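Participant: Sharing a structure here in C-alpha cells format.
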Amino acid sequence: MNQVKLESAFADGSVGKSIAKSDSLEKVQGRAEYIADLYRPGMLHGAILASPHAHARILGYDLTDALEAPGVVAIVTGDDVGDGRMGAFIKDEHAIARGKVLYVGEPVAAVAARTETEARQACRLIKVHYEELPAVLSPEEGLAEGAPVLHEQLADYIKVFDAGSEGNLCSRTELSEGDVESAWSDCDVIVEGEYTTQPQAHVSMEPCGALAEVDANGRVTLWSANQSVFRVQANVCESLSLPMSKLRSLTPRVGAGFGNKMEAHIQPITVALALKAKRPVKLIMTREEDFEMVRARHPFKIRMKTGAKSDGTLVARECEVLVDCGAFADDSPGVMGYSLLMCGGPYRIPHMKASGKLVYTNKLRFGAFRGFGNPQVLFAGEQQIDQIGEKLGLDPFAIRRKNMLQVGDQWFVGPKIGSNGLGLCLDAVENAARTPRADGSQRNFGLSVTAHISGLLGTGAIVRMLEDGTISLNTGATDIGQGSDTVLAQICAEELKLPFDQVAVASPDTDGSPYNWGTTASRVTYTTGRAVRAAARTVVDQAMQHAAEMLECPIDELELRDGGRIGRRGANTDVTFAQISGRAHWAAGGPLVGSETLVFDEPTHDPKRAIALGLPFPRIGVFSFAALGVDVDVDDASGQVTVQEVWSAADVGRAINPRLVEVQLHGGFVQGLGYALYEEMVWDGPRLANPSLMDYKVPTSRDVPDAIHTFIIEDPDPTGPFGAKGAGEIGLNAAAGAIANAVAKATGARHSHLPLTGERVLAGMLNSGTSSERSE
C-alpha cells in the first residue's frame with residue numbers, strides 16, 4: 001500500500017491510522033452472530049414455494065394437504081396481503097405474488113412450521129392453479145408492438161420521479177448538453193460500437209434471511225440481513241399496509257451485501273408469517289433461492305459513439321442504453337439514470353447526449369450492485385478512449401491526461417468537482433507499471449479510469465457522552481463487513497481527541513437510531529461521517545461551556561486537549577471529560593448529547609447548461625477518482641485470459657483508515673475481475689440455468705493475481721469529514737474496461753461482449769489472425 005497526500009496529515013490521532021476493524025476479534029473467534037444464528041423462544045421456521053412459470057395468472061390455491069402436514073402452523077399467500085406495494089422509485093411490488101406471477105422463482109406461498117424440513121415438505125403439498133400467459137424475456141420483446149403487458153396497473157403506481165412509464169417501459173431518462181449533432185462535423189476521428197454486458201450475481205458470503213417476532217400488542221420486531229434498517233422498515237410497512245410505528249427493524253452482523261440487501265428480499269414474507277402464526281418465524285434462503293429470488297446486476301445493451309480532434313481533444317459523445325429491469329422496478333430506474341450520468345467518464349466532453357430505456361421482463365428483478373451501472377458504461381467508454389488514442393498515436397495515459405476534468409469543472413449536466421486527484425492516480429499507475437516484467441517480456445498493459453459519487457440522500461448521528469467521559473455513537477448506518485463502524489468511530493474520536501477505544505458504536509435500530517438511508521453508493525464515510533463530526537463538535541461545544549464555568553474563564557481561552565481534557569491555554573490546569581460529564585449529569589445543564597441530521601442537497605442538474613428528463617437523483621455528487629492498470633497474458637490455444645499484475649490508485653480525499661481503503665480496492669478489483677472474465681447468469685428460456693456455485697463461476701484465490709498494488713491518493717474534499725470521500729465502489733468500476741484494453745493489446749482484437757471468456761477471446765484472435773492456430 002502506498003499513500004500520496006496533497007495536504008499534510010492531521011495531528012496524531014485516530015484519523016489516518018489503520019486501526020483494526022472493531023468486529024475482527026468476534027469474527028475470528030466465530031462469535032459474531034448473523035441472522036442464521038439468532039433464536040427466539042417458540043420460534044418457527046419458514047420456507048417458500050416458488051413459481052414454476054415466468055408469467056401466469058393465479059386462479060386459486062389448495063392448501064388442504066399442506067395445512068394438515070406435520071408441524072405446520074401457518075401458510076400465507078397473496079390472499080393474506082392487501083394491495084400495498086413497495087419500491088424505491090416505483091411502487092410496483094407486493095410482499096408476495098398476488099394475482100399474477102412475473103418470473104420463475106417468484107414467491108407464491110410461504111409456510112411456517114416447527115422445523116425447516118417440515119416447512120419445505122409442506123410447501124411441496126401446496127397446489128396453485130395457474131393460467132399461463134405469454135412471457136417477455138428481453139427488453140426488445142417487451143417494447144415490441146402487441147407484447148404482453150406485465151403490469152396492467154402501471155399508470156396507477158406511485159412514482160417518486162418523472163419515470164415516463166407506459167406499457168412495459170418501466171422508465172426512461174434523457175440527458176444532454178451542448179449540441180451533439182452539430183459537433184460530429186468538428187471531429188477528426190470518430191469511433192462507435194455496440195456493447196453488451198451480462199447479469200452478475202452478488203454471491204454475498206451470507207444468503208438473505210430474516211426473523212420476525214410479534215409482541216402482545218401486535219408490534220413486530222424484525223431482524224434481517226440488510227443494508228438499511230430504515231429501508232427494511234419502509235418496504236415491509238408499505239407492502240403489508242402497516243404503520244411504520246408498528247415495526248421495529250434491527251440488524252445482526254451482515255455477511256456482505258453489495259446492493260443485494262439494500263431493498264426488501266424476504267422480510268415482508270417473514271413478517272406476514274409471524275403475524276399469521278402469532279409466533280416468531282425465521283426464514284433463511286438457500287444459496288439457490290438467493291440466486292433465483294432476490295436480484296442481480298443489470299444486463300446492458302449499449303450503443304456509444306465518441307469523437308475527437310486530431311490533437312486528441314474530446315469533442316462529443318453519444319450513449320444509448322437498453323436495460324433489462326426484470327419483473328419489478330426496485331432500484332433499476334436509479335441504476336439506469338446513474339449510468340447515463342457517468343457515461344462520459346471523468347472527462348471534459350463539451351457535447352454529450354445520453355438516453356436510456358428500462359424495460360420490464362419476466363425475469364427476477366435486477367437491482368443495486370456495487371458500481372450501480374458505472375462498470376457497464378465504462379466497459380464501452382474506456383475502450384473507445386483507447387481506440388481514439390490508437391488512431392491518433394497518443395498513449396493511454398496521454399489522452400486521458402489531456403481530457404480529464406479539473407477542480408472547478410462541472411460533471412455532465414451539472415455537479416461541480418470539489419477535489420480531484422485523478423492526475424496523481426495516473427502518475428502512480430504509470431510510474432509503477434512502466435517497470436518491466438521480471439522475465440523481461442513485454443507487458444500487455446490495459447488502463448481505465450473512473451469516478452464515483454459519495455454524496456446522496458439523508459443521514460444522521462447522535463453522540464452521547466457517558467458519565468465517565470467515554471462516548472456512545474449511534475448513526476443507523478449498517479456495517480456490512482466493510483468496516484464503517486470502525487471508520488465512523490475514528491471520525492468521532494478524532495473530533496473529540498479521544499482514544500479510539502473510548503467510542504462505542506450502537507447497532508442500527510429504527511427505535512433509537514437516527515435516520516440513515518443506507519449502506520450503499522459509497523456514501524457512509526462521506527455522508528454519515530459529516531453528521532458524526534458535526535454531532536461530536538456539538539458535544540465539544542457543550543463540554544467547553546461546562547469547562548469555562550468550572551475553570552472560571554471565558555470559553556475563548558480554552559482548548560481541547562488529547563485524551564478527553566479541556567484546559568486553559570498557556571496553563572497546566574484542565575478538567576477531564578469525566579469531570580465535565582459528571583457535573584452535567586448530576587449538577588448542572590443536563591447530559592451532553594450532540595445530534596446532527598442532514599441530506600445531501602447539491603443539485604445534480606444545472607438547467608442553465610443542460611437538459612434532463614426523467615432524472616431519478618435530483619441531488620447527487622462529491623466525486624472520488626481512480627485509475628486502474630492491469631497486465632494480462634492470453635493463452636494462444638484456449639484464449640484464456642490471466643491477469644498477472646494490477647495497479648489500483650484511488651483518490652479518496654482523506655483515508656480515514658488506510659488499511660480498510662486498501663481492502664476495498666483489493667476486494668473491488670477481485671469482484672470486477674469476476675465480472676470481466678468469468679461470471680454470468682445464464683437463462684434457459686425463462687428459467688435461470690446456473691443458480692448454484694457448482695455452475696456459476698466466481699474467482700478463487702487461484703484466479704486472483706498475487707501482485708495487486710494499491711495507491712491511496714489523498715486530495716481532501718472541502719466538504720468531507722476531515723476531507724474524506726467514498727472508496728467502496730471505485731475499485732471495481734474500471735476493471736472490465738482495463739482488462740478489455742489489455743486483451744486488445746495482447747491479441748489485436750477488440751471485444752464488445754462480457755464476460756471475456758476463453759471462447760470469445762479465442763474467436764477474436766482467430767478472426768484477427770493473431771492466434772497460433774490461425775497462423776498454422
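Chains: A, B, ... in order of the C-alpha cells. Residues: from 1 per chain. Ligands: from 1, in order shown.
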Once you count only C-alpha atoms, what closest atom pair and distance in Å to one decimal does each residue of region 506-539 of chain A within 7 Å of region 586-602 of chain A have, with rows by chain and rising residue number, as a tab-separated table?
Facilitator:
residue	atom	partner	partner_atom	distance
A:Ala531	CA	A:Glu596	CA	5.3
A:Ala534	CA	A:Glu596	CA	6.3
A:Ala535	CA	A:Gly594	CA	4.6
A:Ala536	CA	A:Gly594	CA	6.1
A:Thr538	CA	A:Gly594	CA	5.0
A:Val539	CA	A:Gly594	CA	5.0
Participant: Identify, on the basis of only C-alpha atoms, every residue whose closest approach to Cys325 (chain A) does not exceed 7 Å; exclude the query and any residue fewer than 4 positions from it along the same chain; express the result as a PyMOL selection string.
Facilitator: chain A and resi 329+332+358-361+365-366
Participant: With C-alpha atoms retained, write the just-selected residues as an mmCIF file, in the first residue's frame.
Facilitator:
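selection27.cif, freshly written:
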data_model
loop_
_atom_site.group_PDB
_atom_site.id
_atom_site.type_symbol
_atom_site.label_atom_id
_atom_site.label_comp_id
_atom_site.auth_asym_id
_atom_site.auth_seq_id
_atom_site.Cartn_x
_atom_site.Cartn_y
_atom_site.Cartn_z
ATOM 1 C CA ALA A 329 -38.540 -1.690 -10.690
ATOM 2 C CA SER A 332 -33.397 -0.111 -11.544
ATOM 3 C CA LEU A 358 -35.578 0.433 -18.787
ATOM 4 C CA VAL A 359 -37.954 -2.394 -19.704
ATOM 5 C CA TYR A 360 -39.947 -4.845 -17.579
ATOM 6 C CA THR A 361 -39.281 -8.516 -18.402
ATOM 7 C CA ARG A 365 -35.736 -8.187 -10.501
ATOM 8 C CA PHE A 366 -32.378 -6.626 -11.286
#
Participant: Tell me, counting only C-alpha atoms, for each residue of region 368-422 of chain A within 9 Å of region 281-303 of chain A, which pair of atoms is nearest and how far apart they are in Å to one decimal, in rows ordered by chain and increasing number, as CSV.
Facilitator:
residue,atom,partner,partner_atom,distance
A:Ala368,CA,A:Arg297,CA,6.8
A:Phe369,CA,A:Arg297,CA,5.5
A:Arg370,CA,A:Arg297,CA,8.5
A:Phe372,CA,A:Arg297,CA,8.2
A:Gly373,CA,A:His298,CA,7.6
A:Gln376,CA,A:Phe300,CA,6.8
A:Val377,CA,A:Ile302,CA,7.3
A:Ala380,CA,A:Ile302,CA,7.5
Participant: Take the residues from that selection and put them in a file with C-alpha atoms, as a compact mmCIF listing (two decimals), in the first residue's frame.
Facilitator:
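Just written: result-v9.txt:
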# COMPACT_ATOMS: atom_id res chain seq x y z
CA ALA A 368 -28.39 -2.30 -6.99
CA PHE A 369 -24.96 -3.87 -7.35
CA ARG A 370 -21.58 -2.39 -6.43
CA PHE A 372 -24.55 0.87 -9.86
CA GLY A 373 -24.42 0.96 -13.69
CA GLN A 376 -21.30 -1.29 -17.77
CA VAL A 377 -20.85 2.08 -19.47
CA ALA A 380 -17.69 0.70 -23.58
Participant: If I take CA of Gly105 (chain A) and CA of Asp331 (chain A), how far is one from the other in Å, to one decimal?
Facilitator: 19.4 Å
Participant: Set the distance at 12 Å and use only C-alpha atoms: which residues neighbour Leu247 (chain A) once local chain neighbours fewer than 5 positions away are removed? I'd like the list as an MDAnalysis selection string.
Facilitator: chainID A and resid 212:215 217:223 229:238 240:242 267:268 271:272 275 509:511
Participant: Can you write just those residues out, N, CA and C atoms, as a tab-separated table (two decimals), in the first residue's frame?
Facilitator:
chain	number	residue	atom	x	y	z
A	212	ALA	N	-38.74	-12.62	12.47
A	212	ALA	CA	-39.76	-11.68	12.93
A	212	ALA	C	-40.47	-12.23	14.17
A	213	GLU	N	-40.78	-11.33	15.10
A	213	GLU	CA	-41.48	-11.68	16.33
A	213	GLU	C	-42.54	-10.63	16.61
A	214	VAL	N	-43.73	-11.05	17.00
A	214	VAL	CA	-44.84	-10.15	17.26
A	214	VAL	C	-45.12	-10.15	18.76
A	215	ASP	N	-45.20	-8.95	19.37
A	215	ASP	CA	-45.48	-8.90	20.81
A	215	ASP	C	-46.97	-8.94	21.08
A	217	ASN	N	-49.00	-6.73	21.88
A	217	ASN	CA	-49.74	-5.58	21.34
A	217	ASN	C	-49.76	-5.57	19.82
A	218	GLY	N	-49.22	-6.61	19.20
A	218	GLY	CA	-49.22	-6.67	17.75
A	218	GLY	C	-48.08	-5.92	17.09
A	219	ARG	N	-47.11	-5.46	17.88
A	219	ARG	CA	-45.96	-4.75	17.31
A	219	ARG	C	-44.88	-5.77	16.93
A	220	VAL	N	-44.28	-5.57	15.75
A	220	VAL	CA	-43.34	-6.53	15.19
A	220	VAL	C	-41.91	-6.06	15.43
A	221	THR	N	-41.07	-7.00	15.89
A	221	THR	CA	-39.62	-6.77	15.90
A	221	THR	C	-39.02	-7.66	14.82
A	222	LEU	N	-38.22	-7.04	13.95
A	222	LEU	CA	-37.71	-7.74	12.77
A	222	LEU	C	-36.19	-7.61	12.72
A	223	TRP	N	-35.51	-8.75	12.74
A	223	TRP	CA	-34.07	-8.80	12.50
A	223	TRP	C	-33.87	-9.32	11.08
A	229	VAL	N	-31.74	-0.61	7.94
A	229	VAL	CA	-32.91	-0.95	8.76
A	229	VAL	C	-34.09	-0.06	8.40
A	230	PHE	N	-33.82	1.12	7.89
A	230	PHE	CA	-34.90	2.06	7.57
A	230	PHE	C	-35.57	1.71	6.25
A	231	ARG	N	-34.80	1.25	5.26
A	231	ARG	CA	-35.42	0.80	4.02
A	231	ARG	C	-36.23	-0.48	4.28
A	232	VAL	N	-35.73	-1.36	5.15
A	232	VAL	CA	-36.49	-2.56	5.51
A	232	VAL	C	-37.83	-2.15	6.14
A	233	GLN	N	-37.78	-1.23	7.09
A	233	GLN	CA	-39.00	-0.77	7.75
A	233	GLN	C	-39.99	-0.21	6.73
A	234	ALA	N	-39.49	0.64	5.82
A	234	ALA	CA	-40.38	1.25	4.83
A	234	ALA	C	-40.97	0.21	3.90
A	235	ASN	N	-40.15	-0.70	3.38
A	235	ASN	CA	-40.64	-1.70	2.43
A	235	ASN	C	-41.66	-2.64	3.06
A	236	VAL	N	-41.36	-3.13	4.25
A	236	VAL	CA	-42.29	-4.06	4.90
A	236	VAL	C	-43.62	-3.37	5.18
A	237	CYS	N	-43.55	-2.16	5.71
A	237	CYS	CA	-44.79	-1.47	6.08
A	237	CYS	C	-45.61	-1.05	4.87
A	238	GLU	N	-44.94	-0.64	3.79
A	238	GLU	CA	-45.68	-0.31	2.57
A	238	GLU	C	-46.35	-1.55	1.99
A	240	LEU	N	-47.19	-4.41	3.43
A	240	LEU	CA	-48.18	-5.06	4.29
A	240	LEU	C	-49.18	-4.07	4.88
A	241	SER	N	-49.11	-2.82	4.46
A	241	SER	CA	-50.01	-1.75	4.93
A	241	SER	C	-49.99	-1.64	6.45
A	242	LEU	N	-48.79	-1.66	7.01
A	242	LEU	CA	-48.60	-1.48	8.45
A	242	LEU	C	-48.14	-0.06	8.73
A	267	GLN	N	-38.05	-10.16	3.93
A	267	GLN	CA	-38.56	-9.61	5.20
A	267	GLN	C	-40.08	-9.49	5.23
A	268	PRO	N	-40.74	-8.96	4.17
A	268	PRO	CA	-42.21	-8.85	4.25
A	268	PRO	C	-42.90	-10.20	4.41
A	271	VAL	N	-42.47	-11.41	8.04
A	271	VAL	CA	-43.37	-10.68	8.93
A	271	VAL	C	-44.80	-11.17	8.76
A	272	ALA	N	-45.23	-11.38	7.53
A	272	ALA	CA	-46.59	-11.87	7.29
A	272	ALA	C	-46.81	-13.22	7.94
A	275	LEU	N	-47.08	-12.70	11.78
A	275	LEU	CA	-48.37	-12.11	12.15
A	275	LEU	C	-49.48	-13.16	12.11
A	509	ASP	N	-30.98	0.45	14.77
A	509	ASP	CA	-32.26	0.09	15.37
A	509	ASP	C	-33.23	1.24	15.08
A	510	THR	N	-34.29	0.96	14.34
A	510	THR	CA	-35.21	2.03	13.98
A	510	THR	C	-35.90	2.66	15.18
A	511	ASP	N	-35.89	1.98	16.33
A	511	ASP	CA	-36.47	2.58	17.53
A	511	ASP	C	-35.58	3.65	18.14
Participant: Using only C-alpha atoms, which residue out of A:Val682, A:Ala571, A:Ala110, A:Ile471 lies closest to Arg124 (chain A)?
Facilitator: A:Ala110
Participant: I'd like a table as CSV: residues in region 112-215 of chain A with an atom no more than 12 Å from region 49-54 of chain A, each row giving the shortest atom pair and its distance in Å to one decimal, only C-alpha atoms counted, sorted by chain and rising residue number.
Facilitator:
residue,atom,partner,partner_atom,distance
A:Ala112,CA,A:Leu49,CA,11.6
A:Ala119,CA,A:Leu49,CA,9.8
A:Arg120,CA,A:Leu49,CA,8.1
A:Gln121,CA,A:Leu49,CA,10.1
A:Ala122,CA,A:Leu49,CA,9.2
A:Cys123,CA,A:Leu49,CA,5.5
A:Arg124,CA,A:Leu49,CA,7.3
A:Leu125,CA,A:Leu49,CA,9.7
A:Ile126,CA,A:Leu49,CA,8.0
A:Lys127,CA,A:Leu49,CA,10.0
A:Val128,CA,A:Ser51,CA,9.0
A:His129,CA,A:Ser51,CA,10.8
A:Tyr130,CA,A:His53,CA,8.7
A:Glu131,CA,A:His53,CA,9.6
A:Glu132,CA,A:His53,CA,7.1
A:Leu133,CA,A:Ala54,CA,8.3
A:Pro134,CA,A:Ala54,CA,8.4
A:Ala135,CA,A:Ala54,CA,6.2
A:Val136,CA,A:Ala54,CA,8.4
A:Leu137,CA,A:Ala54,CA,8.8
A:Leu150,CA,A:Ala54,CA,10.5
Participant: Would you mind listing what lies within 9 Å of Glu759 (chain A) as a PyMOL selection string, with only C-alpha atoms counted and same-chain residues fewer than 5 positions away left out?
Facilitator: chain A and resi 638-640+764
Participant: Just to confirm, what's the straight-line distance from CA of Phe623 (chain A) to CA of Thr519 (chain A) in Å (one decimal)?
Facilitator: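 The value is 17.2 Å.
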Participant: Rank nothing, just name the residue among A:Glu181, A:Ser472, A:Asn431, A:Lys100 nearest to Glu152 (chain A), using only C-alpha atoms.
Facilitator: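 Smallest distance to Glu152 (chain A) is found for A:Lys100.
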Participant: Select, from A:Ser249, A:Gln502, A:Gln200, A:Gln3, the residue with the minimum atom-to-atom distance to Gly564 (chain A), counting only C-alpha atoms.
Facilitator: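 Closest to Gly564 (chain A) of all the choices is A:Gln502.
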Participant: Quick one: residues within 8 Å of region 14-31 of chain A, only C-alpha atoms counted, chain neighbours fewer than 6 positions away excluded, as a list in words?
Facilitator: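 Here the qualifying residues turn out to be Gly483, Asp485, Thr486, Gln490, Ile491, Ala493, Glu494, Pro499, Phe500, Arg654, Ala655, Ile656, Asn657, Pro658, Arg659 and Leu660 of chain A.
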Participant: Could you name the residues that touch Ala649 (chain A) at 7 Å or less, counting only C-alpha atoms, but leaving out those on the same chain fewer than 6 positions away, as a list of chain:residue names?
Facilitator: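 Residues meeting the cut-off are A:Cys425, A:Ala428, A:Val429, A:Ala626, A:Ala627, A:Leu628, A:Thr710, A:Phe711, A:Ile712, A:Ile713.
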Participant: Would you list, as a CSV table (one decimal) with N, CA and C atoms, in the first residue's frame, the residues of region 307-462 of chain A that end up in strand (DSSP E or B) under DSSP run on this structure's backbone?
Facilitator:
chain,number,residue,atom,x,y,z
A,307,GLY,N,-16.2,11.2,-30.4
A,307,GLY,CA,-15.4,11.9,-31.4
A,307,GLY,C,-14.4,12.8,-30.8
A,308,ALA,N,-13.3,13.1,-31.5
A,308,ALA,CA,-12.2,13.9,-31.0
A,308,ALA,C,-11.5,14.6,-32.1
A,314,LEU,N,-11.2,15.6,-26.8
A,314,LEU,CA,-12.5,15.0,-27.0
A,314,LEU,C,-13.6,16.1,-27.3
A,315,VAL,N,-14.5,15.8,-28.2
A,315,VAL,CA,-15.4,16.8,-28.6
A,315,VAL,C,-16.9,16.4,-28.3
A,316,ALA,N,-17.2,15.1,-28.6
A,316,ALA,CA,-18.6,14.7,-28.4
A,316,ALA,C,-18.7,13.2,-28.1
A,317,ARG,N,-19.7,12.9,-27.4
A,317,ARG,CA,-20.1,11.5,-27.1
A,317,ARG,C,-21.6,11.4,-27.0
A,318,GLU,N,-22.0,10.3,-27.6
A,318,GLU,CA,-23.5,9.9,-27.5
A,318,GLU,C,-23.5,8.5,-27.0
A,319,CYS,N,-24.4,8.3,-26.0
A,319,CYS,CA,-24.6,7.0,-25.4
A,319,CYS,C,-26.1,6.6,-25.3
A,320,GLU,N,-26.4,5.5,-25.7
A,320,GLU,CA,-27.8,5.0,-25.6
A,320,GLU,C,-27.8,3.6,-25.0
A,321,VAL,N,-28.6,3.4,-23.9
A,321,VAL,CA,-28.6,2.1,-23.3
A,321,VAL,C,-30.0,1.5,-23.3
A,322,LEU,N,-30.1,0.2,-23.4
A,322,LEU,CA,-31.3,-0.5,-23.2
A,322,LEU,C,-31.1,-1.5,-22.1
A,323,VAL,N,-31.9,-1.4,-21.0
A,323,VAL,CA,-31.6,-2.1,-19.8
A,323,VAL,C,-32.8,-3.0,-19.4
A,324,ASP,N,-32.5,-4.3,-19.1
A,324,ASP,CA,-33.4,-5.2,-18.6
A,324,ASP,C,-33.7,-4.9,-17.1
A,325,CYS,N,-35.0,-4.6,-16.8
A,325,CYS,CA,-35.4,-4.3,-15.5
A,325,CYS,C,-35.7,-5.5,-14.6
A,326,GLY,N,-36.1,-6.6,-15.3
A,326,GLY,CA,-36.7,-7.7,-14.6
A,326,GLY,C,-38.1,-7.4,-14.2
A,347,TYR,N,-14.1,13.0,-17.9
A,347,TYR,CA,-13.5,13.8,-19.0
A,347,TYR,C,-14.3,15.1,-19.3
A,351,HIS,N,-19.9,18.3,-25.7
A,351,HIS,CA,-21.1,18.0,-26.4
A,351,HIS,C,-21.5,16.5,-26.0
A,352,MET,N,-22.5,16.3,-25.3
A,352,MET,CA,-22.9,15.0,-24.9
A,352,MET,C,-24.4,14.8,-24.9
A,353,LYS,N,-24.8,13.6,-25.2
A,353,LYS,CA,-26.2,13.2,-25.2
A,353,LYS,C,-26.3,11.7,-24.7
A,354,ALA,N,-27.1,11.5,-23.7
A,354,ALA,CA,-27.3,10.2,-23.2
A,354,ALA,C,-28.7,9.9,-23.0
A,355,SER,N,-29.1,8.7,-23.4
A,355,SER,CA,-30.6,8.3,-23.2
A,355,SER,C,-30.7,6.8,-22.9
A,356,GLY,N,-31.7,6.4,-22.2
A,356,GLY,CA,-31.9,5.1,-21.9
A,356,GLY,C,-33.3,4.7,-21.7
A,357,LYS,N,-33.6,3.4,-21.9
A,357,LYS,CA,-34.9,2.8,-21.7
A,357,LYS,C,-34.7,1.6,-20.8
A,358,LEU,N,-35.6,1.5,-19.8
A,358,LEU,CA,-35.6,0.4,-18.8
A,358,LEU,C,-36.9,-0.3,-19.0
A,359,VAL,N,-36.8,-1.6,-19.2
A,359,VAL,CA,-38.0,-2.4,-19.7
A,359,VAL,C,-38.2,-3.6,-18.8
A,360,TYR,N,-39.5,-3.7,-18.4
A,360,TYR,CA,-39.9,-4.8,-17.6
A,360,TYR,C,-39.8,-6.1,-18.4
A,366,PHE,N,-33.8,-7.1,-11.4
A,366,PHE,CA,-32.4,-6.6,-11.3
A,366,PHE,C,-32.4,-5.4,-10.4
A,404,MET,N,-8.9,15.0,-18.9
A,404,MET,CA,-9.6,14.8,-17.6
A,404,MET,C,-10.1,16.1,-17.0
A,410,GLN,N,-17.4,21.2,-14.2
A,410,GLN,CA,-18.7,20.6,-13.8
A,410,GLN,C,-18.8,19.2,-14.5
A,416,LYS,N,-20.5,20.1,-9.6
A,416,LYS,CA,-19.2,20.7,-9.7
A,416,LYS,C,-18.1,19.8,-9.0
A,445,PHE,N,-0.5,-4.3,-21.4
A,445,PHE,CA,-1.0,-3.4,-20.4
A,445,PHE,C,-2.3,-2.8,-20.8
A,446,GLY,N,-3.3,-2.7,-19.9
A,446,GLY,CA,-4.5,-2.0,-20.2
A,446,GLY,C,-4.8,-1.0,-19.1
A,447,LEU,N,-5.4,0.1,-19.4
A,447,LEU,CA,-5.7,1.2,-18.5
A,447,LEU,C,-7.2,1.6,-18.6
A,448,SER,N,-7.7,2.0,-17.4
A,448,SER,CA,-9.0,2.5,-17.4
A,448,SER,C,-9.1,3.5,-16.2
A,449,VAL,N,-9.9,4.5,-16.3
A,449,VAL,CA,-10.1,5.5,-15.2
A,449,VAL,C,-11.6,5.6,-14.9
A,450,THR,N,-11.9,6.1,-13.7
A,450,THR,CA,-13.3,6.1,-13.3
A,450,THR,C,-13.5,7.2,-12.3
A,451,ALA,N,-14.7,7.5,-12.0
A,451,ALA,CA,-15.1,8.3,-10.9
A,451,ALA,C,-16.4,7.7,-10.3
A,452,HIS,N,-16.7,8.1,-9.1
A,452,HIS,CA,-17.9,7.6,-8.4
A,452,HIS,C,-18.3,8.7,-7.4
A,453,ILE,N,-19.6,8.7,-7.1
A,453,ILE,CA,-20.1,9.7,-6.1
A,453,ILE,C,-20.1,9.2,-4.7
A,454,SER,N,-20.2,10.1,-3.7
A,454,SER,CA,-20.3,9.8,-2.3
A,454,SER,C,-21.5,10.5,-1.7
A,455,GLY,N,-21.9,11.6,-2.2
A,455,GLY,CA,-23.0,12.4,-1.6
A,455,GLY,C,-24.3,12.0,-2.1
A,458,GLY,N,-30.3,11.2,2.8
A,458,GLY,CA,-30.2,11.7,4.2
A,458,GLY,C,-29.5,10.8,5.2
A,459,THR,N,-29.1,11.4,6.3
A,459,THR,CA,-28.4,10.6,7.3
A,459,THR,C,-28.5,11.4,8.6
A,460,GLY,N,-27.9,10.8,9.7
A,460,GLY,CA,-27.9,11.4,11.0
A,460,GLY,C,-26.9,10.8,11.9
A,461,ALA,N,-26.7,11.4,13.1
A,461,ALA,CA,-25.8,10.9,14.1
A,461,ALA,C,-26.1,11.4,15.4
A,462,ILE,N,-26.0,10.6,16.5
A,462,ILE,CA,-26.2,11.1,17.8
A,462,ILE,C,-24.9,10.7,18.6
